[in-house]
Structures are given as structure tokens and as C-alpha cells.
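Structure file my_file00.txt (compact mmCIF, C-alpha atoms and all ligand atoms) follows.
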```txt
# COMPACT_ATOMS: atom_id res chain seq x y z
CA MET A 19 -4.32 40.75 -2.63
CA GLU A 20 -4.86 37.70 -4.80
CA LYS A 21 -1.72 36.11 -3.42
CA LYS A 22 -2.92 36.59 0.14
CA ASN A 23 -6.16 34.74 -0.64
CA GLU A 24 -4.24 31.92 -2.23
CA LYS A 25 -2.07 31.68 0.84
CA ASN A 26 -5.10 31.65 3.15
CA GLU A 27 -6.75 28.93 1.10
CA THR A 28 -3.56 26.88 1.24
CA SER A 29 -3.28 27.22 4.99
CA ASP A 30 -7.01 26.38 5.39
CA PHE A 31 -6.44 23.29 3.28
CA ASP A 32 -3.35 22.32 5.32
CA GLU A 33 -5.32 22.84 8.51
CA LEU A 34 -8.16 20.63 7.24
CA THR A 35 -5.71 17.92 6.09
CA LYS A 36 -4.05 17.99 9.51
CA LYS A 37 -7.43 17.67 11.27
CA ILE A 38 -8.43 14.72 9.07
CA GLU A 39 -5.09 13.00 9.72
CA GLU A 40 -5.49 13.50 13.47
CA GLU A 41 -9.01 12.03 13.32
CA ILE A 42 -7.80 8.98 11.37
CA LEU A 43 -4.94 8.43 13.81
CA LYS A 44 -7.32 8.79 16.77
CA GLY A 45 -9.58 6.12 15.25
CA GLU A 46 -6.63 3.83 14.56
CA ARG A 47 -5.37 4.22 18.13
CA GLU A 48 -8.69 2.84 19.35
CA VAL A 49 -8.21 -0.29 17.22
CA TYR A 50 -4.45 -0.91 17.01
CA THR A 51 -1.68 -0.95 19.60
CA GLU A 52 0.95 1.78 19.62
CA LYS A 53 3.52 -0.80 18.47
CA THR A 54 1.36 -1.85 15.50
CA LEU A 55 0.96 1.76 14.39
CA GLU A 56 4.69 2.36 14.81
CA GLU A 57 5.55 -0.67 12.65
CA ALA A 58 2.83 0.14 10.08
CA TYR A 59 3.96 3.74 9.62
CA ASN A 60 7.72 3.07 9.91
CA PRO A 61 8.16 -0.52 8.71
CA LYS A 62 11.60 -2.10 8.70
CA ASN A 63 13.06 -4.26 5.90
CA VAL A 64 10.80 -3.01 3.11
CA GLY A 65 12.04 -3.85 -0.38
CA GLU A 66 13.66 -6.63 -2.34
CA LEU A 67 17.07 -8.31 -2.27
CA GLU A 68 19.22 -8.31 -5.39
CA THR A 69 20.27 -11.95 -5.07
CA PRO A 70 17.83 -13.65 -2.68
CA SER A 71 18.40 -17.26 -1.61
CA GLY A 72 14.67 -17.82 -1.39
CA THR A 73 11.57 -15.87 -2.42
CA ALA A 74 7.84 -16.19 -2.04
CA ARG A 75 4.75 -14.22 -2.88
CA VAL A 76 1.54 -15.30 -1.19
CA THR A 77 -1.98 -13.94 -1.56
CA GLY A 78 -4.11 -14.14 1.55
CA PRO A 79 -7.86 -14.82 1.81
CA CYS A 80 -8.47 -11.05 1.75
CA GLY A 81 -6.86 -10.80 -1.70
CA ASP A 82 -3.79 -8.93 -0.48
CA THR A 83 -0.32 -10.12 -1.37
CA LEU A 84 2.89 -10.22 0.63
CA GLN A 85 6.31 -10.97 -0.78
CA ILE A 86 9.41 -12.01 1.16
CA HIS A 87 13.02 -12.30 0.02
CA ILE A 88 15.53 -14.05 2.26
CA LYS A 89 19.29 -14.27 2.06
CA ILE A 90 20.83 -17.31 3.71
CA GLU A 91 24.50 -17.91 4.37
CA GLU A 92 25.72 -21.03 6.14
CA ASN A 93 22.20 -21.88 7.34
CA GLU A 94 21.71 -18.39 8.85
CA ILE A 95 19.24 -15.80 7.63
CA VAL A 96 21.52 -12.84 7.09
CA ASP A 97 18.94 -10.59 5.42
CA CYS A 98 15.21 -10.51 4.87
CA LYS A 99 13.01 -8.01 3.01
CA PHE A 100 9.30 -7.78 2.37
CA MET A 101 6.75 -5.89 0.31
CA THR A 102 2.97 -5.86 0.51
CA ASP A 103 0.01 -4.27 -1.19
CA GLY A 104 -2.07 -5.08 1.88
CA CYS A 105 -3.41 -3.19 4.86
CA GLY A 106 -1.47 -1.34 7.55
CA ALA A 107 -1.53 -4.43 9.75
CA SER A 108 0.12 -6.50 7.01
CA MET A 109 2.81 -3.83 6.80
CA ALA A 110 3.35 -4.12 10.57
CA CYS A 111 3.36 -7.95 10.41
CA GLY A 112 5.84 -8.00 7.52
CA SER A 113 8.12 -5.66 9.44
CA VAL A 114 7.97 -7.77 12.60
CA VAL A 115 8.36 -11.16 10.91
CA THR A 116 11.43 -10.04 8.94
CA GLU A 117 12.97 -8.59 12.11
CA LEU A 118 12.21 -11.77 14.08
CA VAL A 119 14.03 -14.11 11.69
CA LYS A 120 17.15 -12.10 10.94
CA GLY A 121 20.14 -13.88 12.45
CA LYS A 122 18.17 -17.10 12.99
CA THR A 123 18.87 -20.50 11.48
CA ILE A 124 16.33 -21.97 9.06
CA GLU A 125 15.12 -24.37 11.76
CA GLN A 126 14.64 -21.54 14.26
CA ALA A 127 12.85 -19.39 11.67
CA LEU A 128 10.44 -22.24 10.93
CA THR A 129 9.31 -22.17 14.57
CA VAL A 130 8.20 -18.51 14.31
CA GLY A 131 4.42 -18.49 14.24
CA TYR A 132 1.74 -15.88 13.75
CA LYS A 133 1.18 -15.74 17.50
CA ASP A 134 4.79 -14.59 17.95
CA VAL A 135 4.12 -11.74 15.53
CA ILE A 136 0.93 -10.78 17.36
CA SER A 137 2.75 -10.96 20.66
CA VAL A 138 5.45 -8.52 19.46
CA LEU A 139 2.69 -6.17 18.28
CA GLY A 140 0.97 -6.40 21.65
CA GLY A 141 -2.19 -7.78 20.02
CA LEU A 142 -4.16 -7.43 16.80
CA PRO A 143 -7.90 -7.03 16.23
CA GLU A 144 -9.66 -10.28 15.32
CA GLU A 145 -10.21 -9.13 11.72
CA ASN A 146 -6.45 -8.64 11.24
CA ILE A 147 -5.21 -11.98 12.57
CA HIS A 148 -5.08 -13.31 8.99
CA CYS A 149 -2.57 -10.53 8.17
CA SER A 150 -0.08 -12.07 10.63
CA VAL A 151 -0.82 -15.54 9.22
CA LEU A 152 -0.11 -14.20 5.72
CA ALA A 153 3.28 -12.83 6.84
CA VAL A 154 4.28 -16.14 8.47
CA ASP A 155 2.96 -18.25 5.56
CA THR A 156 5.02 -16.15 3.14
CA LEU A 157 8.13 -16.53 5.28
CA ARG A 158 7.69 -20.30 5.35
CA ALA A 159 7.12 -20.39 1.59
CA ALA A 160 10.36 -18.42 1.07
CA LEU A 161 12.22 -20.92 3.29
CA GLU A 162 10.67 -23.79 1.31
CA ASP A 163 11.74 -22.11 -1.93
CA TYR A 164 15.30 -21.97 -0.61
CA LYS A 165 15.18 -25.62 0.44
CA SER A 166 13.69 -26.71 -2.89
CA LYS A 167 16.71 -25.31 -4.64
CA GLY A 168 18.65 -28.04 -2.86
CA ARG A 169 20.96 -25.82 -0.90
FE1 LIG B 201 -5.38 -8.18 3.70
FE2 LIG B 201 -4.51 -7.32 6.10
S1 LIG B 201 -3.44 -8.44 4.63
S2 LIG B 201 -6.50 -7.11 5.25
```

Could you write out this file's structure as C-alpha cells?
Amino acid sequence: MEKKNEKNETSDFDELTKKIEEEILKGEREVYTEKTLEEAYNPKNVGELETPSGTARVTGPCGDTLQIHIKIEENEIVDCKFMTDGCGASMACGSVVTELVKGKTIEQALTVGYKDVISVLGGLPEENIHCSVLAVDTLRAALEDYKSKGR
């Protein structure tokens, strides 16, 4: 009998958790594009490189930090990873910016701007534009770090 109650409480709790998650997602869908949510929940290139050619860690005006590691071989970005303690939008922007520059030369990567990131995401709310700027600023700082090493 006791076990049954425990089970019912667990399933009630699961049900409630599911409802809350659905509500949150519904609210997010009203603010963010499908692509932004996809990149925020399933970001690509998360992590660090063991032997990066260039690294940068930048803190944005919101106080959140984004880190980028790049691996460059013969002037081509062959790998790129990021990490952030920021919002979901910064996760999406980090994912997109690292995807955008893979396979590009340093010169091509330097032309990637925050508007390119926003364009891939299909738009960002005004209050999250700085998240895309943070991702691009960090990328540029990582490229500068690489260049400053005289390679
Ligand atoms: Fe700080 Fe998005 S990076 S709010």
C-alpha cells in the first residue's frame, strides 16, 4: 500500500515537472525562434581543445562569460570550441559562431559579425543582441591571441 502511494506521488511529481517544462518552452517559443531554441538546447562545439592555437575568455556587459578555443592549421580554422556560463541565447550564439568559422581562413573568420549570427538564428530579441556580440568579440579575441603568438 505504501509503495503504491510512493509511486503515485512520483508520477504526480513527474506530471507536474512535465507541465512546468511545457509552460517554460511555450513562453520561450514566444520570444525565441525555433532555430535559437534548437541551438540553445543542442549546442554544437561545446568544450575545450587540448592544444588550442588561440584562446579567449570575454565577459560581456551582462556579466556572463564566453570562452572560445580555436585550432588553426595552415591559416585555416580546423576546429573551434566554446563554453559559456551565460544565458540560453549565448549558448545558441556560441554554437552558431563556432560552426560559422570552421573551415574558414583567419581573414574570412574576421569578417563574421554579430549580424551573421543573428541571421542564422532567424532573429534575436533586442535584449539578447549583446549575447551575439559577446560570441563574436570572443572569437575575434581568440584570433588576436593566435596572431599575437606570431604564428
Ligand atoms: Fe549574458 Fe546573454 S550572454 S544575457

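Taking CA of Lys44 in chain A and CA of Lys62 in chain A as endpoints, the distance between them is 23.3 Å.
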
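Across the model, the gap from atom FE1 of ligand LIG 201 (chain B) to CA of Lys36 in chain A is 26.8 Å.
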
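Across the structure, CA of Leu55 in chain A and CA of Thr129 in chain A are spaced 25.3 Å apart.
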
Could you give me the residues within 6 Å of ligand LIG 201 (chain B), counting all atoms listed in the file, as a ChimeraX atom specification? /A:80,82,104-105,107-108,146,149

Nearest-residue call for Pro61 in chain A, choices A:Leu139, A:Met109, A:Val49, A:Ala159, using all atoms listed in the file: A:Met109

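Checking A:Ala160, A:Leu152, A:Ile136, A:Leu43 one by one against Thr83 in chain A, counting all atoms listed in the file, you find the shortest gap at A:Leu152.
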
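Here the question is which of A:Lys37, A:Lys99, A:His148, A:Arg47 gets nearest to Leu118 in chain A using all atoms listed in the file, and that residue is A:Lys99.
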
Please provide the set of residues having any atom within 12 Å of Glu46 in chain A, restricted to only C-alpha atoms, with same-chain residues fewer than 2 positions apart removed, written as JSON, numbers by chain. {"A": [39, 40, 41, 42, 43, 44, 48, 49, 50, 51, 52, 53, 54, 55, 56, 58, 59, 106, 107, 142, 143]}

Could those selected residues go to a file with C-alpha atoms, as a PDB file, keeping the file's coordinate frame?
```pdb
ATOM      1  CA  GLU A  39      -5.090  13.000   9.720  1.00  0.00           C
ATOM      2  CA  GLU A  40      -5.490  13.500  13.470  1.00  0.00           C
ATOM      3  CA  GLU A  41      -9.010  12.030  13.320  1.00  0.00           C
ATOM      4  CA  ILE A  42      -7.800   8.980  11.370  1.00  0.00           C
ATOM      5  CA  LEU A  43      -4.940   8.430  13.810  1.00  0.00           C
ATOM      6  CA  LYS A  44      -7.320   8.790  16.770  1.00  0.00           C
ATOM      7  CA  GLU A  48      -8.690   2.840  19.350  1.00  0.00           C
ATOM      8  CA  VAL A  49      -8.210  -0.290  17.220  1.00  0.00           C
ATOM      9  CA  TYR A  50      -4.450  -0.910  17.010  1.00  0.00           C
ATOM     10  CA  THR A  51      -1.680  -0.950  19.600  1.00  0.00           C
ATOM     11  CA  GLU A  52       0.950   1.780  19.620  1.00  0.00           C
ATOM     12  CA  LYS A  53       3.520  -0.800  18.470  1.00  0.00           C
ATOM     13  CA  THR A  54       1.360  -1.850  15.500  1.00  0.00           C
ATOM     14  CA  LEU A  55       0.960   1.760  14.390  1.00  0.00           C
ATOM     15  CA  GLU A  56       4.690   2.360  14.810  1.00  0.00           C
ATOM     16  CA  ALA A  58       2.830   0.140  10.080  1.00  0.00           C
ATOM     17  CA  TYR A  59       3.960   3.740   9.620  1.00  0.00           C
ATOM     18  CA  GLY A 106      -1.470  -1.340   7.550  1.00  0.00           C
ATOM     19  CA  ALA A 107      -1.530  -4.430   9.750  1.00  0.00           C
ATOM     20  CA  LEU A 142      -4.160  -7.430  16.800  1.00  0.00           C
ATOM     21  CA  PRO A 143      -7.900  -7.030  16.230  1.00  0.00           C
TER      22      PRO A 143
END
```

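Among the candidate residues A:Cys111, A:Val96, A:Val76, A:Val64, the one lying nearest to Asp155 in chain A is A:Val76, with distances computed using only C-alpha atoms.
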
Find the residues near Leu161 in chain A: any atom within 10 Å, counting all atoms listed in the file, skip ones fewer than 2 places away on the same chain, and give them as an mmCIF file with C-alpha atoms, in the frame of the given file.
```cif
data_model
loop_
_atom_site.group_PDB
_atom_site.id
_atom_site.type_symbol
_atom_site.label_atom_id
_atom_site.label_comp_id
_atom_site.auth_asym_id
_atom_site.auth_seq_id
_atom_site.Cartn_x
_atom_site.Cartn_y
_atom_site.Cartn_z
ATOM 1 C CA SER A 71 18.400 -17.260 -1.610
ATOM 2 C CA GLY A 72 14.670 -17.820 -1.390
ATOM 3 C CA THR A 73 11.570 -15.870 -2.420
ATOM 4 C CA ALA A 74 7.840 -16.190 -2.040
ATOM 5 C CA ILE A 86 9.410 -12.010 1.160
ATOM 6 C CA HIS A 87 13.020 -12.300 0.020
ATOM 7 C CA ILE A 88 15.530 -14.050 2.260
ATOM 8 C CA LYS A 89 19.290 -14.270 2.060
ATOM 9 C CA ILE A 90 20.830 -17.310 3.710
ATOM 10 C CA ILE A 95 19.240 -15.800 7.630
ATOM 11 C CA ILE A 124 16.330 -21.970 9.060
ATOM 12 C CA GLU A 125 15.120 -24.370 11.760
ATOM 13 C CA ALA A 127 12.850 -19.390 11.670
ATOM 14 C CA LEU A 128 10.440 -22.240 10.930
ATOM 15 C CA ASP A 155 2.960 -18.250 5.560
ATOM 16 C CA THR A 156 5.020 -16.150 3.140
ATOM 17 C CA LEU A 157 8.130 -16.530 5.280
ATOM 18 C CA ARG A 158 7.690 -20.300 5.350
ATOM 19 C CA ALA A 159 7.120 -20.390 1.590
ATOM 20 C CA ASP A 163 11.740 -22.110 -1.930
ATOM 21 C CA TYR A 164 15.300 -21.970 -0.610
ATOM 22 C CA LYS A 165 15.180 -25.620 0.440
ATOM 23 C CA SER A 166 13.690 -26.710 -2.890
#
```

Rebuild all heavy atoms on range 67-78 of chain A, as a CSV table (one decimal), keeping the file's coordinate frame?
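Output below, filename result_38.csv:
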```csv
chain,number,residue,atom,x,y,z
A,67,LEU,N,15.6,-8.0,-2.3
A,67,LEU,CA,17.1,-8.3,-2.3
A,67,LEU,C,17.5,-8.6,-3.7
A,67,LEU,O,16.8,-9.1,-4.5
A,67,LEU,CB,17.4,-9.5,-1.4
A,67,LEU,CG,17.1,-9.4,0.1
A,67,LEU,CD1,17.3,-10.7,0.8
A,67,LEU,CD2,17.9,-8.3,0.7
A,68,GLU,N,18.7,-8.1,-4.0
A,68,GLU,CA,19.2,-8.3,-5.4
A,68,GLU,C,19.4,-9.8,-5.7
A,68,GLU,O,19.1,-10.2,-6.8
A,68,GLU,CB,20.5,-7.5,-5.6
A,68,GLU,CG,20.3,-6.3,-6.5
A,68,GLU,CD,21.5,-5.5,-6.7
A,68,GLU,OE1,22.6,-6.1,-7.1
A,68,GLU,OE2,21.5,-4.3,-6.5
A,69,THR,N,20.0,-10.5,-4.8
A,69,THR,CA,20.3,-12.0,-5.1
A,69,THR,C,19.7,-12.8,-3.9
A,69,THR,O,20.5,-13.3,-3.1
A,69,THR,CB,21.8,-12.2,-5.3
A,69,THR,OG1,22.5,-11.7,-4.1
A,69,THR,CG2,22.3,-11.6,-6.5
A,70,PRO,N,18.4,-12.9,-3.8
A,70,PRO,CA,17.8,-13.6,-2.7
A,70,PRO,C,18.1,-15.1,-2.8
A,70,PRO,O,18.2,-15.7,-3.9
A,70,PRO,CB,16.3,-13.4,-2.8
A,70,PRO,CG,16.1,-13.0,-4.2
A,70,PRO,CD,17.4,-12.4,-4.7
A,71,SER,N,18.2,-15.8,-1.6
A,71,SER,CA,18.4,-17.3,-1.6
A,71,SER,C,17.1,-17.9,-1.8
A,71,SER,O,17.0,-19.1,-2.2
A,71,SER,CB,19.0,-17.7,-0.3
A,71,SER,OG,20.1,-16.9,0.1
A,72,GLY,N,16.0,-17.3,-1.3
A,72,GLY,CA,14.7,-17.8,-1.4
A,72,GLY,C,13.7,-16.7,-1.5
A,72,GLY,O,13.9,-15.6,-0.9
A,73,THR,N,12.6,-16.9,-2.3
A,73,THR,CA,11.6,-15.9,-2.4
A,73,THR,C,10.2,-16.5,-2.4
A,73,THR,O,10.0,-17.7,-2.7
A,73,THR,CB,11.7,-15.1,-3.8
A,73,THR,OG1,11.4,-16.0,-4.8
A,73,THR,CG2,13.0,-14.5,-4.0
A,74,ALA,N,9.2,-15.7,-2.0
A,74,ALA,CA,7.8,-16.2,-2.0
A,74,ALA,C,6.9,-15.0,-2.1
A,74,ALA,O,7.2,-13.9,-1.6
A,74,ALA,CB,7.5,-17.0,-0.8
A,75,ARG,N,5.8,-15.2,-2.8
A,75,ARG,CA,4.8,-14.2,-2.9
A,75,ARG,C,3.5,-15.0,-2.6
A,75,ARG,O,3.1,-15.9,-3.3
A,75,ARG,CB,4.8,-13.6,-4.3
A,75,ARG,CG,3.9,-12.4,-4.4
A,75,ARG,CD,3.9,-12.0,-5.9
A,75,ARG,NE,5.2,-11.4,-6.2
A,75,ARG,CZ,5.3,-10.3,-7.0
A,75,ARG,NH1,4.2,-9.8,-7.5
A,75,ARG,NH2,6.4,-9.8,-7.2
A,76,VAL,N,2.8,-14.6,-1.6
A,76,VAL,CA,1.5,-15.3,-1.2
A,76,VAL,C,0.4,-14.3,-1.1
A,76,VAL,O,0.5,-13.2,-0.6
A,76,VAL,CB,1.7,-16.0,0.2
A,76,VAL,CG1,0.5,-16.7,0.6
A,76,VAL,CG2,2.9,-17.0,0.1
A,77,THR,N,-0.8,-14.8,-1.6
A,77,THR,CA,-2.0,-13.9,-1.6
A,77,THR,C,-2.9,-14.5,-0.5
A,77,THR,O,-3.1,-15.7,-0.5
A,77,THR,CB,-2.7,-13.9,-2.9
A,77,THR,OG1,-1.8,-13.4,-3.9
A,77,THR,CG2,-4.0,-13.1,-2.9
A,78,GLY,N,-3.3,-13.7,0.4
A,78,GLY,CA,-4.1,-14.1,1.6
A,78,GLY,C,-5.6,-14.2,1.2
A,78,GLY,O,-6.0,-13.8,0.1
```
